[in-house]
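Chemist: Data file coords.cif (mmCIF, C-alpha atoms) is appended below.
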data_model
loop_
_atom_site.label_atom_id
_atom_site.label_comp_id
_atom_site.auth_asym_id
_atom_site.auth_seq_id
_atom_site.Cartn_x
_atom_site.Cartn_y
_atom_site.Cartn_z
CA GLU A 1 220.87 238.51 65.82
CA ALA A 2 220.44 241.61 63.68
CA GLY A 3 219.07 241.05 60.20
CA VAL A 4 220.18 242.44 56.86
CA ALA A 5 219.99 246.23 56.91
CA GLN A 6 219.29 248.37 53.86
CA SER A 7 218.98 252.08 53.31
CA PRO A 8 217.25 254.12 52.20
CA ARG A 9 213.87 252.38 52.28
CA TYR A 10 212.42 254.65 49.59
CA LYS A 11 213.95 256.88 46.95
CA ILE A 12 212.39 259.02 44.25
CA ILE A 13 214.66 260.50 41.59
CA GLU A 14 214.34 261.92 38.10
CA LYS A 15 215.67 260.06 35.09
CA ARG A 16 219.34 260.67 34.36
CA GLN A 17 220.06 261.29 38.05
CA SER A 18 222.29 259.03 40.15
CA VAL A 19 221.33 256.98 43.18
CA ALA A 20 223.13 254.70 45.62
CA PHE A 21 221.81 251.98 47.90
CA TRP A 22 223.55 250.56 50.94
CA CYS A 23 223.40 247.09 52.46
CA ASN A 24 224.87 245.68 55.66
CA PRO A 25 224.59 241.88 55.76
CA ILE A 26 224.26 239.67 58.79
CA SER A 27 227.54 239.54 60.67
CA GLY A 28 229.74 236.72 59.43
CA HIS A 29 227.86 236.13 56.20
CA ALA A 30 230.45 235.92 53.44
CA THR A 31 228.02 235.88 50.52
CA LEU A 32 226.02 238.96 49.58
CA TYR A 33 223.47 239.31 46.79
CA TRP A 34 221.81 242.30 45.15
CA TYR A 35 218.48 241.72 43.40
CA GLN A 36 216.18 243.86 41.30
CA GLN A 37 212.47 243.15 41.62
CA ILE A 38 210.17 244.84 39.14
CA LEU A 39 206.52 245.04 40.15
CA GLY A 40 204.72 241.75 39.48
CA GLN A 41 207.90 239.77 38.88
CA GLY A 42 210.22 237.63 40.93
CA PRO A 43 213.58 239.03 42.02
CA LYS A 44 216.36 239.04 39.45
CA LEU A 45 219.96 238.60 40.58
CA LEU A 46 222.16 241.57 39.73
CA ILE A 47 225.40 240.62 41.44
CA GLN A 48 226.78 238.09 43.92
CA PHE A 49 229.79 238.77 46.14
CA GLN A 50 231.84 236.25 48.06
CA ASN A 51 233.67 238.33 50.69
CA ASN A 52 234.98 241.27 48.64
CA GLY A 53 235.15 239.41 45.32
CA VAL A 54 232.53 239.26 42.59
CA VAL A 55 231.24 235.74 41.91
CA ASP A 56 228.58 236.55 39.34
CA ASP A 57 227.64 239.86 37.74
CA SER A 58 226.42 238.46 34.45
CA GLN A 59 223.01 240.18 34.74
CA LEU A 60 224.28 243.54 35.96
CA PRO A 61 223.81 246.29 33.34
CA LYS A 62 227.35 247.47 33.65
CA ASP A 63 226.88 250.56 31.52
CA ARG A 64 224.88 252.15 34.32
CA PHE A 65 225.00 249.89 37.37
CA SER A 66 227.97 249.34 39.64
CA ALA A 67 228.43 247.61 42.97
CA GLU A 68 231.23 247.21 45.44
CA ARG A 69 231.98 245.44 48.68
CA LEU A 70 235.41 246.80 49.41
CA LYS A 71 236.02 245.36 52.89
CA GLY A 72 233.91 242.25 52.44
CA VAL A 73 231.20 243.47 54.79
CA ASP A 74 228.75 246.14 53.68
CA SER A 75 228.03 246.90 50.06
CA THR A 76 226.77 249.71 47.87
CA LEU A 77 224.86 249.50 44.59
CA LYS A 78 224.86 252.55 42.34
CA ILE A 79 222.85 253.50 39.29
CA GLN A 80 224.20 256.28 37.08
CA PRO A 81 222.30 257.55 35.14
CA ALA A 82 218.91 256.16 36.10
CA LYS A 83 216.26 255.27 33.54
CA LEU A 84 212.50 254.97 33.97
CA GLU A 85 212.75 251.17 33.68
CA ASP A 86 215.01 251.06 36.75
CA SER A 87 211.97 251.67 38.95
CA ALA A 88 211.87 248.60 41.16
CA VAL A 89 212.56 247.25 44.61
CA TYR A 90 216.25 246.57 45.18
CA LEU A 91 216.80 243.72 47.60
CA CYS A 92 219.96 242.73 49.39
CA ALA A 93 220.41 239.25 50.82
CA SER A 94 223.22 237.43 52.59
CA SER A 95 224.08 233.85 53.35
CA PHE A 96 226.65 231.93 55.33
CA GLN A 97 227.38 228.42 54.13
CA SER A 98 224.00 227.02 53.22
CA TYR A 99 221.32 227.27 50.61
CA GLU A 100 219.37 229.72 52.77
CA GLN A 101 219.43 233.44 52.10
CA TYR A 102 218.36 236.20 54.48
CA PHE A 103 216.77 239.21 52.88
CA GLY A 104 216.77 242.86 53.84
CA PRO A 105 213.63 245.04 53.75
CA GLY A 106 214.48 246.38 50.30
CA THR A 107 214.75 249.85 48.79
CA ARG A 108 211.85 250.98 46.63
CA LEU A 109 213.16 253.18 43.81
CA THR A 110 210.87 255.33 41.70
CA VAL A 111 212.36 257.04 38.65
CA THR A 112 210.21 259.84 37.20
CA LYS B 1 210.70 229.91 29.60
CA ASN B 2 211.27 230.35 33.31
CA GLU B 3 212.79 227.40 35.13
CA VAL B 4 210.28 227.92 37.95
CA GLU B 5 206.56 228.29 37.35
CA GLN B 6 203.96 229.11 39.98
CA SER B 7 200.19 228.93 39.97
CA PRO B 8 197.92 230.62 40.47
CA GLN B 9 199.32 234.11 39.91
CA ASN B 10 196.58 235.66 42.02
CA LEU B 11 194.38 234.09 44.67
CA THR B 12 191.57 235.51 46.76
CA ALA B 13 190.16 233.47 49.62
CA GLN B 14 187.72 233.89 52.47
CA GLU B 15 189.08 233.77 55.97
CA GLY B 16 189.26 230.18 57.18
CA GLU B 17 189.66 228.58 53.75
CA PHE B 18 192.32 226.02 52.94
CA ILE B 19 194.77 227.43 50.39
CA THR B 20 197.15 225.70 48.01
CA ILE B 21 199.86 227.35 45.94
CA ASN B 22 201.76 225.26 43.40
CA CYS B 23 205.30 225.40 42.08
CA SER B 24 206.75 223.41 39.19
CA TYR B 25 210.34 223.43 38.03
CA SER B 26 212.03 222.06 34.97
CA VAL B 27 215.61 221.53 36.15
CA GLY B 28 217.48 219.46 38.69
CA ILE B 29 217.59 221.15 42.06
CA SER B 30 219.45 220.89 45.33
CA ALA B 31 216.78 222.63 47.38
CA LEU B 32 213.48 224.45 47.03
CA HIS B 33 212.40 227.44 49.09
CA TRP B 34 209.07 229.01 49.89
CA LEU B 35 209.34 232.71 50.64
CA GLN B 36 206.80 235.26 51.86
CA GLN B 37 206.88 238.89 50.76
CA HIS B 38 204.64 241.48 52.40
CA PRO B 39 203.86 244.88 50.88
CA GLY B 40 206.93 247.06 51.37
CA GLY B 41 209.31 244.51 49.94
CA GLY B 42 210.94 242.46 52.70
CA ILE B 43 211.19 238.72 52.06
CA VAL B 44 211.00 236.08 54.77
CA SER B 45 211.98 232.46 54.31
CA LEU B 46 209.17 230.07 55.24
CA PHE B 47 210.60 226.69 54.27
CA MET B 48 213.59 225.05 52.66
CA LEU B 49 212.90 221.58 51.27
CA SER B 50 214.90 218.91 49.52
CA SER B 51 212.42 216.08 50.04
CA GLY B 52 209.17 215.16 51.74
CA LYS B 53 207.12 217.53 53.81
CA LYS B 54 207.56 220.24 56.42
CA LYS B 55 205.03 221.89 58.72
CA HIS B 56 205.21 225.11 60.68
CA GLY B 57 202.06 226.23 62.41
CA ARG B 58 199.32 226.55 59.80
CA LEU B 59 201.76 226.25 56.91
CA ILE B 60 202.65 222.98 55.22
CA ALA B 61 205.10 222.54 52.35
CA THR B 62 205.53 219.40 50.29
CA ILE B 63 207.83 218.44 47.47
CA ASN B 64 207.77 215.61 44.94
CA ILE B 65 211.24 215.33 43.44
CA GLN B 66 210.23 212.86 40.72
CA GLU B 67 207.41 215.08 39.49
CA LYS B 68 209.44 218.31 40.01
CA HIS B 69 206.57 219.85 41.93
CA SER B 70 206.03 221.50 45.28
CA SER B 71 202.96 222.83 47.06
CA LEU B 72 202.48 225.31 49.86
CA HIS B 73 199.32 224.86 51.90
CA ILE B 74 197.80 227.28 54.36
CA THR B 75 195.18 225.90 56.70
CA ALA B 76 192.56 228.12 58.36
CA SER B 77 193.69 231.15 56.36
CA HIS B 78 193.69 234.56 58.01
CA PRO B 79 193.85 238.11 56.59
CA ARG B 80 197.38 238.45 57.97
CA ASP B 81 198.40 235.68 55.54
CA SER B 82 197.82 238.15 52.71
CA ALA B 83 201.16 238.48 50.94
CA VAL B 84 203.06 237.35 47.87
CA TYR B 85 204.37 233.81 48.14
CA ILE B 86 207.44 233.05 46.06
CA CYS B 87 208.95 229.69 45.14
CA ALA B 88 212.71 229.63 44.56
CA VAL B 89 215.15 226.83 43.80
CA ASN B 90 218.89 226.17 44.01
CA LEU B 91 220.04 224.39 40.85
CA SER B 92 221.92 221.15 41.37
CA VAL B 93 224.25 221.55 38.41
CA GLU B 94 226.19 224.69 39.14
CA ALA B 95 229.70 225.80 39.90
CA PRO B 96 230.40 225.65 43.64
CA ASP B 97 230.48 229.43 44.04
CA THR B 98 227.09 229.95 42.41
CA GLY B 99 225.38 226.87 43.81
CA ASN B 100 223.55 228.95 46.42
CA GLN B 101 221.90 231.20 43.84
CA PHE B 102 218.12 231.34 43.80
CA TYR B 103 216.01 230.95 40.69
CA PHE B 104 212.66 232.52 41.44
CA GLY B 105 209.10 231.99 40.35
CA THR B 106 207.05 235.08 39.65
CA GLY B 107 205.09 234.76 42.87
CA THR B 108 201.49 234.18 43.90
CA SER B 109 199.64 237.17 45.30
CA LEU B 110 197.28 235.98 48.05
CA THR B 111 194.49 238.09 49.52
CA VAL B 112 192.48 236.69 52.41
CA ILE B 113 189.22 238.50 52.99
CA PRO B 114 187.76 238.68 56.52
#
If you convert what's in this file into structure tokens, what do you get?
Modeler:
Amino acid sequence: EAGVAQSPRYKIIEKRQSVAFWCNPISGHATLYWYQQILGQGPKLLIQFQNNGVVDDSQLPKDRFSAERLKGVDSTLKIQPAKLEDSAVYLCASSFQSYEQYFGPGTRLTVT
Amino acid sequence: KNEVEQSPQNLTAQEGEFITINCSYSVGISALHWLQQHPGGGIVSLFMLSSGKKKHGRLIATINIQEKHSSLHITASHPRDSAVYICAVNLSVEAPDTGNQFYFGTGTSLTVIP
């Protein structure tokens, strides 16, 4: 069974630029999560999708972050414009119908 | 205050030592997870617990629901065990749609020296 795929693995951009991350969850997993993990901290949930609907985006900075999962499968997370404090690892995870989540390898973003 | 606290934050051990990482939580939970994160970012699930004890190879995880405490033990530690170990919980009092959300500790960075 293929795991959660994410791309790119690394991205370096200048502040005020835009960036997009892509995630393809495990086939059949209805729930998809995007997390932000700043160095030295635990992951912080940005948004949770159930199929193509948003379940929780209460911690998503909506002035600059957006996410979509139009067909209920893969998802994109966008930052526009990026700030220095957005430097972090962005993790995608998916789950089926249990408490377990399966994580992708993450995208390490550096904003200079 | 974070709902999930881990200790220690950093741990260095000699190869072969017995290692314990602790996790305490302050809320009612449905399940507790121990996760492993290697440099580069990817997270792997080690255990999911709701009671008692689980063992997988050299790893043992225990949970005490009454004391709201869990421990992860590594026996005969090896340099390849070097990673960040993260405790996460699912809260028991949540709306059905968000009941699978994780609340994370800040992680314990383990370095095992040959």
Chemist: Between A:Ser98, A:Ser75, A:Asn51, A:Thr112, single out the one closest to Lys15 (chain A), counting all atoms listed in the file.
Modeler: A:Thr112
Chemist: Using only C-alpha atoms, determine which residues of chain B fall within 7 Å of chain A; present them as a list in words.
Modeler: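 Residues of chain B within 7 Å of chain A, counting only C-alpha atoms: Gly41, Gly42, Ile43, Val44, Asp97, Asn100, Phe104, Gly105, Thr106 and Gly107 of chain B.
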Chemist: List as a list in words the protein and nucleic acid residues near Ile47 (chain A), meaning an atom at most 9 Å away when only C-alpha atoms are counted, but skip any in the same chain fewer than 3 places from it.
Modeler: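 Skipping anything fewer than 3 positions along the chain leaves Leu32, Tyr33, Trp34, Tyr35, Val54, Val55, Asp56, Asp57, Ser58, Gln59, Leu60 and Ala67 of chain A.
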Chemist: Specify the axis-aligned box that encloses all atoms of region 92-103 of chain A listed in the file after padding of 6 Å on each side, stating its centre and edge lengths in Å to one decimal as AutoDock Vina command-line options.
Modeler:
--center_x 222.1 --center_y 234.9 --center_z 52.4 --size_x 22.6 --size_y 27.7 --size_z 17.9
Chemist: So, counting only C-alpha atoms, which residue among B:Ile29, B:Ile86, B:Leu72, B:Ile19 is closest to Ser45 (chain B)?
Modeler: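 Result for the nearest residue to Ser45 (chain B): B:Ile86.
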Chemist: May I have the residues within 12 Å of region 58-60 of chain B as a list in words, using only C-alpha atoms and disregarding those fewer than 5 positions away in the same chain?
Modeler: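 Result of the neighbour search: Gly16, Glu17, Phe18, Ile19, Thr20, Ile21, Trp34, Leu35, Gln36, Leu46, Phe47, Met48, Leu49, Gly52, Lys53, Ser70, Ser71, Leu72, His73, Ile74, Thr75, Ala76, Ser77, His78, Asp81 and Tyr85 of chain B.
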Chemist: Tell me, in Å to one decimal, how far CA of Leu84 (chain A) is from CA of Tyr103 (chain B).
Modeler: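 For CA of Leu84 (chain A) relative to CA of Tyr103 (chain B), the distance reads 25.2 Å.
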